[in-house]
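Structure file final.cif (mmCIF, C-alpha atoms) follows.
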```cif
data_structure
loop_
_atom_site.label_atom_id
_atom_site.label_comp_id
_atom_site.auth_asym_id
_atom_site.auth_seq_id
_atom_site.Cartn_x
_atom_site.Cartn_y
_atom_site.Cartn_z
CA MET A 1 170.30 87.23 181.36
CA SER A 2 169.08 88.99 178.23
CA TRP A 3 165.43 89.79 177.62
CA PHE A 4 165.35 87.23 174.75
CA ALA A 5 166.88 84.44 176.87
CA GLY A 6 164.32 85.07 179.59
CA LEU A 7 161.53 84.76 177.03
CA ILE A 8 162.50 81.22 175.92
CA PRO A 9 161.11 79.28 178.97
CA ASN A 10 157.78 81.09 178.64
CA THR A 11 157.70 80.35 174.91
CA ASN A 12 158.32 76.61 175.57
CA PHE A 13 155.54 76.57 178.16
CA LEU A 14 153.14 78.20 175.69
CA PHE A 15 154.12 75.72 172.95
CA ARG A 16 153.34 72.77 175.25
CA LYS A 17 149.94 74.28 176.00
CA LEU A 18 149.18 74.58 172.27
CA LYS A 19 150.17 70.97 171.54
CA ILE A 20 148.12 67.77 171.81
CA ASN A 21 149.34 64.20 171.45
CA LEU A 22 147.26 61.77 169.42
CA SER A 23 147.62 57.99 169.36
CA LEU A 24 145.90 56.43 166.34
CA ASP A 25 145.16 52.76 165.73
CA PHE A 26 143.82 53.04 162.16
CA GLY A 27 142.73 49.45 161.65
CA SER A 28 141.02 47.56 158.85
CA SER A 29 137.80 47.09 160.80
CA GLN A 30 138.03 49.56 163.71
CA THR A 31 139.69 52.91 164.34
CA ARG A 32 140.71 53.98 167.85
CA LEU A 33 142.02 57.39 168.78
CA MET A 34 143.40 58.62 172.09
CA VAL A 35 143.92 62.32 172.79
CA ASN A 36 146.24 63.19 175.66
CA HIS A 37 145.77 59.72 177.20
CA LYS A 38 141.97 59.62 176.80
CA LEU A 39 140.11 57.34 174.36
CA VAL A 40 137.84 59.59 172.31
CA TRP A 41 137.01 57.42 169.27
CA ASP A 42 136.41 53.68 168.92
CA GLN A 43 134.28 53.06 165.83
CA PRO A 44 134.33 51.07 162.55
CA THR A 45 136.70 52.14 159.79
CA VAL A 46 134.04 52.69 157.17
CA ILE A 47 132.84 55.74 155.29
CA ALA A 48 129.48 56.32 153.55
CA TRP A 49 130.13 58.32 150.39
CA HIS A 50 127.54 60.10 148.23
CA THR A 51 128.69 59.35 144.67
CA GLY A 52 126.56 62.08 143.16
CA LEU A 53 127.36 64.96 145.49
CA GLN A 54 130.88 63.66 146.21
CA VAL A 55 130.54 64.23 149.96
CA VAL A 56 130.80 62.21 153.17
CA VAL A 57 127.38 61.09 154.40
CA ALA A 58 128.52 59.25 157.54
CA VAL A 59 131.52 57.57 159.16
CA GLY A 60 132.07 55.01 161.91
CA ASN A 61 129.00 53.56 163.63
CA LYS A 62 126.61 55.65 161.55
CA ALA A 63 128.13 54.42 158.30
CA ALA A 64 128.28 50.79 159.47
CA ALA A 65 124.58 50.93 160.38
CA LEU A 66 123.82 51.59 156.68
CA ARG A 67 125.13 48.20 155.49
CA GLY A 68 122.48 46.55 153.32
CA LYS A 69 120.28 49.65 153.46
CA THR A 70 122.02 52.10 151.13
CA PRO A 71 120.52 53.44 147.89
CA ALA A 72 122.55 53.11 144.71
CA TYR A 73 124.15 56.53 145.09
CA ILE A 74 125.59 55.78 148.56
CA LYS A 75 128.79 53.75 148.57
CA LEU A 76 130.32 52.19 151.70
CA ILE A 77 134.10 52.26 151.57
CA ASN A 78 136.74 50.69 153.83
CA PRO A 79 139.79 52.94 153.32
CA ILE A 80 142.13 50.64 155.27
CA GLN A 81 142.63 47.06 154.08
CA ARG A 82 145.06 44.49 155.47
CA GLY A 83 146.14 47.15 157.96
CA VAL A 84 147.43 49.66 155.39
CA VAL A 85 145.97 52.48 153.29
CA ALA A 86 143.94 51.12 150.38
CA GLU A 87 142.04 54.29 149.46
CA LEU A 88 144.23 57.30 150.26
CA ASP A 89 141.65 60.03 149.60
CA TYR A 90 138.91 58.21 151.51
CA ALA A 91 141.27 57.61 154.43
CA VAL A 92 141.77 61.39 154.57
CA TYR A 93 138.01 61.98 154.35
CA TYR A 94 137.42 59.49 157.15
CA LEU A 95 139.87 61.12 159.56
CA ARG A 96 138.68 64.62 158.71
CA ALA A 97 135.10 63.57 159.43
CA VAL A 98 136.22 62.02 162.75
CA LEU A 99 137.99 65.26 163.69
CA ASP A 100 134.90 67.28 162.76
CA GLU A 101 132.76 65.15 165.09
CA LEU A 102 135.28 65.34 167.92
CA GLN A 103 135.60 69.09 167.54
CA GLN A 104 131.81 69.47 167.62
CA GLN A 105 131.82 67.41 170.83
CA LYS A 106 134.62 69.67 172.14
CA LYS A 107 136.93 66.70 172.63
CA ILE A 108 139.59 68.28 170.37
CA SER A 109 140.31 71.96 169.87
CA PRO A 110 140.77 73.03 166.22
CA TRP A 111 143.38 75.58 167.35
CA LEU A 112 145.92 73.13 168.79
CA LEU A 113 148.87 71.48 167.04
CA ALA A 114 148.20 67.75 166.82
CA TYR A 115 151.19 65.39 166.97
CA CYS A 116 150.20 61.88 165.96
CA GLY A 117 151.76 58.43 166.34
CA THR A 118 150.37 55.33 164.65
CA ALA A 119 151.17 51.66 164.00
CA LEU A 120 151.13 49.44 160.92
CA PRO A 121 151.51 45.69 160.30
CA VAL A 122 155.06 44.46 160.73
CA ASN A 123 155.41 43.71 157.00
CA ALA A 124 154.29 47.18 155.84
CA SER A 125 156.48 48.37 152.97
CA PRO A 126 158.24 51.78 152.82
CA LEU A 127 155.61 52.85 150.27
CA GLU A 128 152.75 51.84 152.61
CA LYS A 129 154.37 53.73 155.48
CA GLU A 130 154.74 56.78 153.25
CA GLN A 131 151.07 56.56 152.23
CA MET A 132 150.04 56.55 155.88
CA ARG A 133 152.30 59.53 156.53
CA GLN A 134 150.68 61.39 153.63
CA VAL A 135 147.20 60.68 155.01
CA LEU A 136 148.10 62.02 158.45
CA GLU A 137 149.79 65.11 157.05
CA ARG A 138 146.88 65.90 154.72
CA VAL A 139 144.54 65.75 157.70
CA GLY A 140 146.79 68.29 159.43
CA PHE A 141 148.68 66.08 161.88
CA LYS A 142 152.38 66.35 162.64
CA VAL A 143 153.65 62.77 162.32
CA LYS A 144 155.74 61.65 165.30
CA LYS A 145 156.23 57.96 164.57
CA ILE A 146 154.98 55.04 162.51
CA VAL A 147 155.98 51.71 164.06
CA SER A 148 154.86 48.08 163.95
CA LYS A 149 151.89 46.95 166.03
CA THR A 150 153.78 44.24 167.90
CA GLU A 151 156.51 46.73 168.89
CA VAL A 152 153.84 49.03 170.27
CA VAL A 153 152.29 46.22 172.32
CA ALA A 154 155.71 45.16 173.64
CA SER A 155 156.26 48.72 174.90
CA LEU A 156 153.38 48.43 177.39
CA PRO A 157 154.37 48.66 181.10
CA SER A 158 153.67 44.96 181.73
CA PHE A 159 156.59 44.03 179.42
CA LYS A 160 159.20 46.33 180.99
CA LYS A 161 160.59 43.72 183.36
CA ILE A 162 160.96 41.02 180.70
CA THR A 163 164.58 40.71 179.60
CA GLN A 164 164.41 37.29 177.91
CA SER A 165 162.98 36.27 174.55
CA HIS A 166 159.19 36.33 174.27
CA GLY A 167 156.54 36.61 171.58
CA VAL A 168 153.57 38.84 170.78
CA ILE A 169 150.77 37.83 168.40
CA ASP A 170 148.26 40.48 167.32
CA PHE A 171 145.12 38.91 165.81
CA GLY A 172 143.48 41.55 163.62
CA ALA A 173 140.54 41.46 161.23
CA GLU A 174 142.75 41.19 158.14
CA THR A 175 146.27 40.67 159.50
CA VAL A 176 148.00 38.48 162.07
CA ASP A 177 151.24 40.10 163.19
CA VAL A 178 153.89 38.17 165.10
CA GLY A 179 156.88 39.67 166.86
CA ILE A 180 159.71 37.78 168.55
CA PHE A 181 161.45 40.02 171.08
CA ILE A 182 164.49 40.01 173.32
CA GLY A 183 163.26 42.25 176.09
CA GLN A 184 161.67 45.17 174.22
CA GLN A 185 163.94 44.80 171.19
CA LEU A 186 162.29 43.27 168.11
CA LEU A 187 164.36 40.32 166.91
CA LYS A 188 162.04 39.07 164.18
CA GLY A 189 158.69 40.27 162.91
CA PHE A 190 156.47 38.58 160.36
CA ASN A 191 152.92 38.42 159.11
CA ILE A 192 150.78 35.28 158.79
CA ASN A 193 148.37 35.46 155.87
CA GLY A 194 145.11 33.67 155.23
CA VAL A 195 143.88 32.98 158.76
CA VAL A 196 142.56 36.25 160.14
CA GLY A 197 139.49 37.52 161.97
CA ASN A 198 137.51 38.03 158.77
CA THR A 199 138.22 34.43 157.73
CA PHE A 200 136.50 33.20 160.89
CA THR A 201 133.55 35.55 160.31
CA GLN A 202 133.05 34.25 156.77
CA THR A 203 133.26 30.67 158.07
CA ILE A 204 130.37 31.42 160.44
CA ILE A 205 128.24 32.82 157.60
CA ASP A 206 128.92 29.74 155.46
CA GLN A 207 128.25 27.24 158.25
CA VAL A 208 124.98 28.84 159.38
CA LEU A 209 123.80 28.72 155.76
CA THR A 210 124.83 25.08 155.37
CA GLU A 211 123.50 23.78 158.69
CA TYR A 212 120.36 25.89 159.12
CA GLU A 213 119.61 27.27 155.62
CA LEU A 214 119.77 30.71 157.20
CA GLN A 215 121.34 33.74 155.57
CA ILE A 216 122.89 36.09 158.12
CA SER A 217 124.64 39.44 157.77
CA TRP A 218 128.29 40.15 158.44
CA GLY A 219 127.32 42.02 161.60
CA VAL A 220 125.36 39.07 162.98
CA ALA A 221 128.28 36.72 162.20
CA GLN A 222 130.61 39.07 164.10
CA GLN A 223 128.30 38.93 167.11
CA ILE A 224 128.27 35.13 166.99
CA LYS A 225 132.07 35.05 166.80
CA HIS A 226 132.44 37.18 169.92
CA GLN A 227 129.92 35.05 171.85
CA LEU A 228 131.52 31.71 171.05
CA SER A 229 133.79 31.75 174.10
CA THR A 230 130.85 32.19 176.50
CA SER A 231 127.81 30.58 174.85
CA SER A 232 127.13 27.05 173.61
CA MET A 233 123.81 28.07 172.04
CA MET A 234 122.82 31.40 170.46
CA THR A 235 119.58 32.86 169.14
CA VAL A 236 120.19 34.17 165.62
CA ARG A 237 117.97 36.21 163.31
CA GLY A 238 118.39 35.99 159.56
CA LYS A 239 116.63 35.25 156.30
CA ASP A 240 115.35 31.80 155.32
CA ALA A 241 117.45 30.77 152.31
CA GLN A 242 114.49 29.02 150.66
CA LEU A 243 111.55 31.30 151.46
CA GLY A 244 113.32 34.63 151.85
CA LEU A 245 111.39 35.33 155.06
CA VAL A 246 112.83 36.52 158.37
CA LYS A 247 113.58 33.54 160.61
CA VAL A 248 114.88 33.15 164.16
CA THR A 249 116.98 30.05 164.85
CA ARG A 250 118.90 28.60 167.78
CA VAL A 251 122.48 28.00 166.59
CA GLU A 252 124.87 25.58 168.35
CA ALA A 253 128.44 26.76 168.83
CA LYS A 254 129.79 23.25 168.23
CA ILE A 255 129.01 23.44 164.48
CA PHE A 256 131.94 25.85 164.09
CA GLU A 257 134.43 23.99 166.28
CA GLN A 258 136.06 21.69 163.73
CA HIS A 259 136.28 24.40 161.09
CA PHE A 260 137.90 26.80 163.54
CA ILE A 261 140.40 24.17 164.67
CA SER A 262 141.40 23.58 161.05
CA LEU A 263 141.98 27.30 160.55
CA MET A 264 143.93 27.56 163.80
CA GLU A 265 146.12 24.60 162.91
CA SER A 266 146.95 26.22 159.57
CA LEU A 267 148.15 29.33 161.39
CA LEU A 268 150.13 27.30 163.91
CA SER A 269 151.85 25.45 161.08
CA GLU A 270 153.16 28.75 159.66
CA LEU A 271 154.15 29.91 163.13
CA ASN A 272 156.09 26.72 163.82
CA ILE A 273 158.16 27.10 160.66
CA VAL A 274 159.46 30.50 161.76
CA ILE A 275 159.99 29.49 165.40
CA ASN A 276 162.08 26.49 164.37
CA GLU A 277 164.44 28.81 162.47
CA LEU A 278 165.27 30.83 165.61
CA PRO A 279 168.69 30.47 167.32
CA PRO A 280 168.69 27.73 170.03
CA GLU A 281 169.17 30.20 172.90
CA VAL A 282 166.22 32.31 171.72
CA MET A 283 164.09 29.20 171.30
CA THR A 284 164.89 28.08 174.86
CA GLN A 285 163.95 31.43 176.38
CA LEU A 286 160.80 31.62 174.23
CA GLN A 287 159.71 28.24 175.61
CA GLU A 288 160.01 29.71 179.10
CA GLN A 289 158.32 33.08 178.44
CA GLY A 290 155.84 32.07 175.74
CA PHE A 291 153.44 34.28 173.79
CA TYR A 292 151.18 37.20 174.59
CA LEU A 293 147.98 37.18 172.51
CA THR A 294 146.19 40.42 171.69
CA GLY A 295 143.74 41.81 169.14
CA ASN A 296 140.05 40.93 168.96
CA GLY A 297 140.79 37.58 167.29
CA SER A 298 142.72 36.44 170.36
CA GLN A 299 139.41 35.99 172.20
CA LEU A 300 138.23 33.15 169.98
CA LEU A 301 137.48 29.97 171.88
CA GLY A 302 140.39 27.55 172.05
CA TRP A 303 143.38 29.70 171.08
CA GLN A 304 145.13 29.48 174.45
CA ASP A 305 144.83 25.71 174.83
CA LEU A 306 145.69 25.01 171.20
CA ILE A 307 148.89 27.10 171.25
CA LYS A 308 149.96 25.63 174.60
CA LYS A 309 149.44 22.12 173.29
CA ASN A 310 151.12 22.60 169.90
CA LEU A 311 154.01 24.88 170.82
CA GLN A 312 154.55 23.66 174.38
CA MET A 313 154.86 27.25 175.55
CA PRO A 314 153.06 29.45 178.08
CA VAL A 315 150.30 31.66 176.68
CA ILE A 316 148.87 34.86 178.16
CA ILE A 317 145.73 36.41 176.68
CA SER A 318 145.33 40.15 176.98
CA THR A 319 142.59 41.52 179.21
CA SER A 320 142.17 44.52 176.89
CA PRO A 321 142.92 43.08 173.43
CA ALA A 322 141.10 45.76 171.44
CA LEU A 323 143.00 48.60 173.11
CA ASP A 324 146.56 47.29 173.47
CA VAL A 325 147.87 48.96 170.31
CA VAL A 326 146.41 52.40 170.97
CA LYS A 327 147.42 52.17 174.65
CA GLY A 328 150.96 51.22 173.65
CA LEU A 329 151.17 54.23 171.33
CA ASP A 330 149.82 56.44 174.08
CA TYR A 331 152.15 55.03 176.73
CA GLY A 332 155.19 55.90 174.63
CA GLU A 333 154.35 59.62 174.78
#
```
In structure tokens, how does this file's structure come out?
Amino acid sequence: MSWFAGLIPNTNFLFRKLKINLSLDFGSSQTRLMVNHKLVWDQPTVIAWHTGLQVVVAVGNKAAALRGKTPAYIKLINPIQRGVVAELDYAVYYLRAVLDELQQQKKISPWLLAYCGTALPVNASPLEKEQMRQVLERVGFKVKKIVSKTEVVASLPSFKKITQSHGVIDFGAETVDVGIFIGQQLLKGFNINGVVGNTFTQTIIDQVLTEYELQISWGVAQQIKHQLSTSSMMTVRGKDAQLGLVKVTRVEAKIFEQHFISLMESLLSELNIVINELPPEVMTQLQEQGFYLTGNGSQLLGWQDLIKKNLQMPVIISTSPALDVVKGLDYGE
């Protein structure tokens, strides 16, 4: 064996030591990042930008905490909208600021090569995929893969034994992705527009104003939404619509029920159209295996029963809906 040939195994070992694997769920409302199988970032996808100095003031939780409190020269920007890059430069600034924080916390070394995989909505165009690739490369990542969110979820270990047709629905803040699979192979993927997590949040804001003359923030409405499955009555703080004074009110969950059902039925109507176009053998297997629901929106009260009743199919709700996408990306490493 030559001296050079003997050097190759040691070189490969060194390369592996200098490499880290990143799994990035760069969502419209929340960004989650795993580094070598460990979750290191789970914070809002928002950036506070100083328009005068042209610098990042804050990102994530710190930026979100500034909502409604910013002076005129601070602008809050959501760089990802409907699951894809809306503001390319600000998406780069966001990820760079995240990396800076993680490096300061010694969760990522600045000297290692970072290989990154991420997921986009199933209907993302080639241009939108290329924009995401550009963002990752400008941050300094080596891009490994960009796949659809439902494919990532279907790659989780719990799906490995499924060989028949089944479905995955990912309820995001601004997108609802649906994938119909045969085993782990995507047969049909599509996006349902109009009825997403943010639609439900806005409905809560509108209903609280109508029923109680109380103006509440987006953040408070989000809290109400996540409590609906466990609470019939909630204490809510907001501003009296008439007097402009701070007011605390007890809000009943039932005031949202009919509005939510109407939104859910609209989504189910779109879902039914696509399902009815599937080949008979796929339809039969899908009726046996049913759908797996993930994403934060899957936790809304009534989804499981409503889908079972309307589609006559089994429904499983994820026990870790917020993390399924980033875990699926990580599991594929």
Next item on the list: Determine the nearest neighbour of Lys19 in chain A from the options A:Leu323, A:Asn78, A:Lys106, A:Tyr115, counting all atoms listed in the file.
Entry: A:Tyr115
Margin query: Quick check on the file I pasted: which residues fall under the PyMOL selection byres ((chain A and resi 307) around 12)? Write them as a PyMOL selection string.
Written below: chain A and resi 169+261+264-269+271-272+287+290-293+298+301-306+308-317
Mind writing the picked residues with C-alpha atoms as a PDB file, in the coordinates of the input?
```
ATOM      1  CA  ILE A 169     150.770  37.830 168.400  1.00  0.00           C
ATOM      2  CA  ILE A 261     140.400  24.170 164.670  1.00  0.00           C
ATOM      3  CA  MET A 264     143.930  27.560 163.800  1.00  0.00           C
ATOM      4  CA  GLU A 265     146.120  24.600 162.910  1.00  0.00           C
ATOM      5  CA  SER A 266     146.950  26.220 159.570  1.00  0.00           C
ATOM      6  CA  LEU A 267     148.150  29.330 161.390  1.00  0.00           C
ATOM      7  CA  LEU A 268     150.130  27.300 163.910  1.00  0.00           C
ATOM      8  CA  SER A 269     151.850  25.450 161.080  1.00  0.00           C
ATOM      9  CA  LEU A 271     154.150  29.910 163.130  1.00  0.00           C
ATOM     10  CA  ASN A 272     156.090  26.720 163.820  1.00  0.00           C
ATOM     11  CA  GLN A 287     159.710  28.240 175.610  1.00  0.00           C
ATOM     12  CA  GLY A 290     155.840  32.070 175.740  1.00  0.00           C
ATOM     13  CA  PHE A 291     153.440  34.280 173.790  1.00  0.00           C
ATOM     14  CA  TYR A 292     151.180  37.200 174.590  1.00  0.00           C
ATOM     15  CA  LEU A 293     147.980  37.180 172.510  1.00  0.00           C
ATOM     16  CA  SER A 298     142.720  36.440 170.360  1.00  0.00           C
ATOM     17  CA  LEU A 301     137.480  29.970 171.880  1.00  0.00           C
ATOM     18  CA  GLY A 302     140.390  27.550 172.050  1.00  0.00           C
ATOM     19  CA  TRP A 303     143.380  29.700 171.080  1.00  0.00           C
ATOM     20  CA  GLN A 304     145.130  29.480 174.450  1.00  0.00           C
ATOM     21  CA  ASP A 305     144.830  25.710 174.830  1.00  0.00           C
ATOM     22  CA  LEU A 306     145.690  25.010 171.200  1.00  0.00           C
ATOM     23  CA  LYS A 308     149.960  25.630 174.600  1.00  0.00           C
ATOM     24  CA  LYS A 309     149.440  22.120 173.290  1.00  0.00           C
ATOM     25  CA  ASN A 310     151.120  22.600 169.900  1.00  0.00           C
ATOM     26  CA  LEU A 311     154.010  24.880 170.820  1.00  0.00           C
ATOM     27  CA  GLN A 312     154.550  23.660 174.380  1.00  0.00           C
ATOM     28  CA  MET A 313     154.860  27.250 175.550  1.00  0.00           C
ATOM     29  CA  PRO A 314     153.060  29.450 178.080  1.00  0.00           C
ATOM     30  CA  VAL A 315     150.300  31.660 176.680  1.00  0.00           C
ATOM     31  CA  ILE A 316     148.870  34.860 178.160  1.00  0.00           C
ATOM     32  CA  ILE A 317     145.730  36.410 176.680  1.00  0.00           C
TER      33      ILE A 317
END
```
Margin query: Restricting the calculation to only C-alpha atoms: of A:Ile273, A:Val84, A:Leu243, A:Ile182, which residue gets closest to Leu286 in chain A?
Written below: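 With only C-alpha atoms as the atom set, the closest residue is A:Ile182.
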Checklist line | Within 9 Å of Ser232 in chain A using only C-alpha atoms, minus same-chain residues under 3 positions, as a list of chain:residue names | finding: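 My list of contacting residues is A:Gln227, A:Leu228, A:Ser229, A:Val251, A:Glu252, A:Ala253, A:Lys254.
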Next item on the list: Can you turn the PyMOL selection byres ((chain A and resi 187-204) around 6) into a concrete residue list for this file, as a list in words?
Entry: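 Given this file, the PyMOL selection byres ((chain A and resi 187-204) around 6) evaluates to Val122, Gly172, Ala173, Glu174, Thr175, Val176, Asp177, Val178, Gly179, Ile180, Phe181, Leu186, Ile205, Asp206, Gln207, Ala221, Gln222 and Gly297 of chain A.
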Let's have the selection written as a CSV table (one decimal), keeping the file's coordinate frame, with C-alpha atoms.
```
chain,number,residue,atom,x,y,z
A,122,VAL,CA,155.1,44.5,160.7
A,172,GLY,CA,143.5,41.6,163.6
A,173,ALA,CA,140.5,41.5,161.2
A,174,GLU,CA,142.8,41.2,158.1
A,175,THR,CA,146.3,40.7,159.5
A,176,VAL,CA,148.0,38.5,162.1
A,177,ASP,CA,151.2,40.1,163.2
A,178,VAL,CA,153.9,38.2,165.1
A,179,GLY,CA,156.9,39.7,166.9
A,180,ILE,CA,159.7,37.8,168.6
A,181,PHE,CA,161.4,40.0,171.1
A,186,LEU,CA,162.3,43.3,168.1
A,205,ILE,CA,128.2,32.8,157.6
A,206,ASP,CA,128.9,29.7,155.5
A,207,GLN,CA,128.2,27.2,158.2
A,221,ALA,CA,128.3,36.7,162.2
A,222,GLN,CA,130.6,39.1,164.1
A,297,GLY,CA,140.8,37.6,167.3
```
Next item on the list: Give me, please, the distance in Å between CA of Thr31 in chain A and CA of Lys107 in chain A, quoted to one decimal.
Entry: 16.3 Å
Check: Selected by the PyMOL selection byres ((chain A and resi 137) around 12) in the shown coordinates: which residues, as a list in words?
Finding: Leu88, Ala91, Val92, Leu95, Arg96, Leu113, Ala114, Tyr115, Cys116, Gly117, Glu130, Gln131, Met132, Arg133, Gln134, Val135, Leu136, Arg138, Val139, Gly140, Phe141, Lys142, Val143 and Lys144 of chain A
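Nearest residue to Ser320 in chain A, choosing from A:Thr294, A:Lys62, A:Ile77, A:Val85 and counting all atoms listed in the file: A:Thr294.
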Note to self: Between CA of Val248 in chain A and CA of Phe260 in chain A, what is the distance in Å, rounded to a tenth?
What the structure shows: 23.9 Å
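Between CA of Leu214 in chain A and CA of Glu257 in chain A there is a distance of 18.5 Å.
Among the candidates A:Tyr73, A:Trp111, A:Trp218, A:Trp49, the one nearest to Tyr93 in chain A when counting only C-alpha atoms is A:Trp49.
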Margin query: Residues near Gly60 in chain A, anyone? I mean within 7 Å using all atoms listed in the file, not counting same-chain ones fewer than 3 positions away, as number ranges by chain.
Written below: A: 43-47, 63-64
Selection export as a PDB file, keeping the file's coordinate frame, atoms kept: C-alpha atoms:
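Listing of selection39.pdb after writing:
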```
ATOM      1  CA  GLN A  43     134.280  53.060 165.830  1.00  0.00           C
ATOM      2  CA  PRO A  44     134.330  51.070 162.550  1.00  0.00           C
ATOM      3  CA  THR A  45     136.700  52.140 159.790  1.00  0.00           C
ATOM      4  CA  VAL A  46     134.040  52.690 157.170  1.00  0.00           C
ATOM      5  CA  ILE A  47     132.840  55.740 155.290  1.00  0.00           C
ATOM      6  CA  ALA A  63     128.130  54.420 158.300  1.00  0.00           C
ATOM      7  CA  ALA A  64     128.280  50.790 159.470  1.00  0.00           C
TER       8      ALA A  64
END
```
Can you rebuild range 58-75 of chain A with N, CA and C atoms and give it as an mmCIF file, keeping the file's coordinate frame?
```cif
data_model
loop_
_atom_site.group_PDB
_atom_site.id
_atom_site.type_symbol
_atom_site.label_atom_id
_atom_site.label_comp_id
_atom_site.auth_asym_id
_atom_site.auth_seq_id
_atom_site.Cartn_x
_atom_site.Cartn_y
_atom_site.Cartn_z
ATOM 1 N N ALA A 58 128.358 59.733 156.160
ATOM 2 C CA ALA A 58 128.520 59.250 157.540
ATOM 3 C C ALA A 58 129.832 58.490 157.650
ATOM 4 N N VAL A 59 130.337 58.386 158.887
ATOM 5 C CA VAL A 59 131.520 57.570 159.160
ATOM 6 C C VAL A 59 131.274 56.761 160.435
ATOM 7 N N GLY A 60 132.120 55.769 160.659
ATOM 8 C CA GLY A 60 132.070 55.010 161.910
ATOM 9 C C GLY A 60 130.775 54.249 162.094
ATOM 10 N N ASN A 61 130.220 54.310 163.300
ATOM 11 C CA ASN A 61 129.000 53.560 163.630
ATOM 12 C C ASN A 61 127.845 53.930 162.712
ATOM 13 N N LYS A 62 127.716 55.207 162.388
ATOM 14 C CA LYS A 62 126.610 55.650 161.550
ATOM 15 C C LYS A 62 126.717 55.078 160.146
ATOM 16 N N ALA A 63 127.931 55.000 159.630
ATOM 17 C CA ALA A 63 128.130 54.420 158.300
ATOM 18 C C ALA A 63 127.923 52.909 158.328
ATOM 19 N N ALA A 64 128.434 52.244 159.363
ATOM 20 C CA ALA A 64 128.280 50.790 159.470
ATOM 21 C C ALA A 64 126.821 50.386 159.579
ATOM 22 N N ALA A 65 126.007 51.230 160.217
ATOM 23 C CA ALA A 65 124.580 50.930 160.380
ATOM 24 C C ALA A 65 123.835 50.956 159.049
ATOM 25 N N LEU A 66 124.463 51.499 157.996
ATOM 26 C CA LEU A 66 123.820 51.590 156.680
ATOM 27 C C LEU A 66 124.051 50.354 155.820
ATOM 28 N N ARG A 67 124.841 49.397 156.294
ATOM 29 C CA ARG A 67 125.130 48.200 155.490
ATOM 30 C C ARG A 67 123.823 47.498 155.109
ATOM 31 N N GLY A 68 123.678 47.224 153.813
ATOM 32 C CA GLY A 68 122.480 46.550 153.320
ATOM 33 C C GLY A 68 121.277 47.449 153.184
ATOM 34 N N LYS A 69 121.427 48.737 153.505
ATOM 35 C CA LYS A 69 120.280 49.650 153.460
ATOM 36 C C LYS A 69 120.531 50.865 152.573
ATOM 37 N N THR A 70 121.652 50.885 151.874
ATOM 38 C CA THR A 70 122.020 52.100 151.130
ATOM 39 C C THR A 70 121.395 52.117 149.742
ATOM 40 N N PRO A 71 120.948 53.300 149.291
ATOM 41 C CA PRO A 71 120.520 53.440 147.890
ATOM 42 C C PRO A 71 121.724 53.362 146.974
ATOM 43 N N ALA A 72 121.475 53.317 145.678
ATOM 44 C CA ALA A 72 122.550 53.110 144.710
ATOM 45 C C ALA A 72 123.599 54.210 144.741
ATOM 46 N N TYR A 73 123.210 55.409 145.128
ATOM 47 C CA TYR A 73 124.150 56.530 145.090
ATOM 48 C C TYR A 73 124.997 56.665 146.359
ATOM 49 N N ILE A 74 124.766 55.790 147.347
ATOM 50 C CA ILE A 74 125.590 55.780 148.560
ATOM 51 C C ILE A 74 126.515 54.559 148.515
ATOM 52 N N LYS A 75 127.785 54.814 148.639
ATOM 53 C CA LYS A 75 128.790 53.750 148.570
ATOM 54 C C LYS A 75 129.511 53.645 149.915
#
```
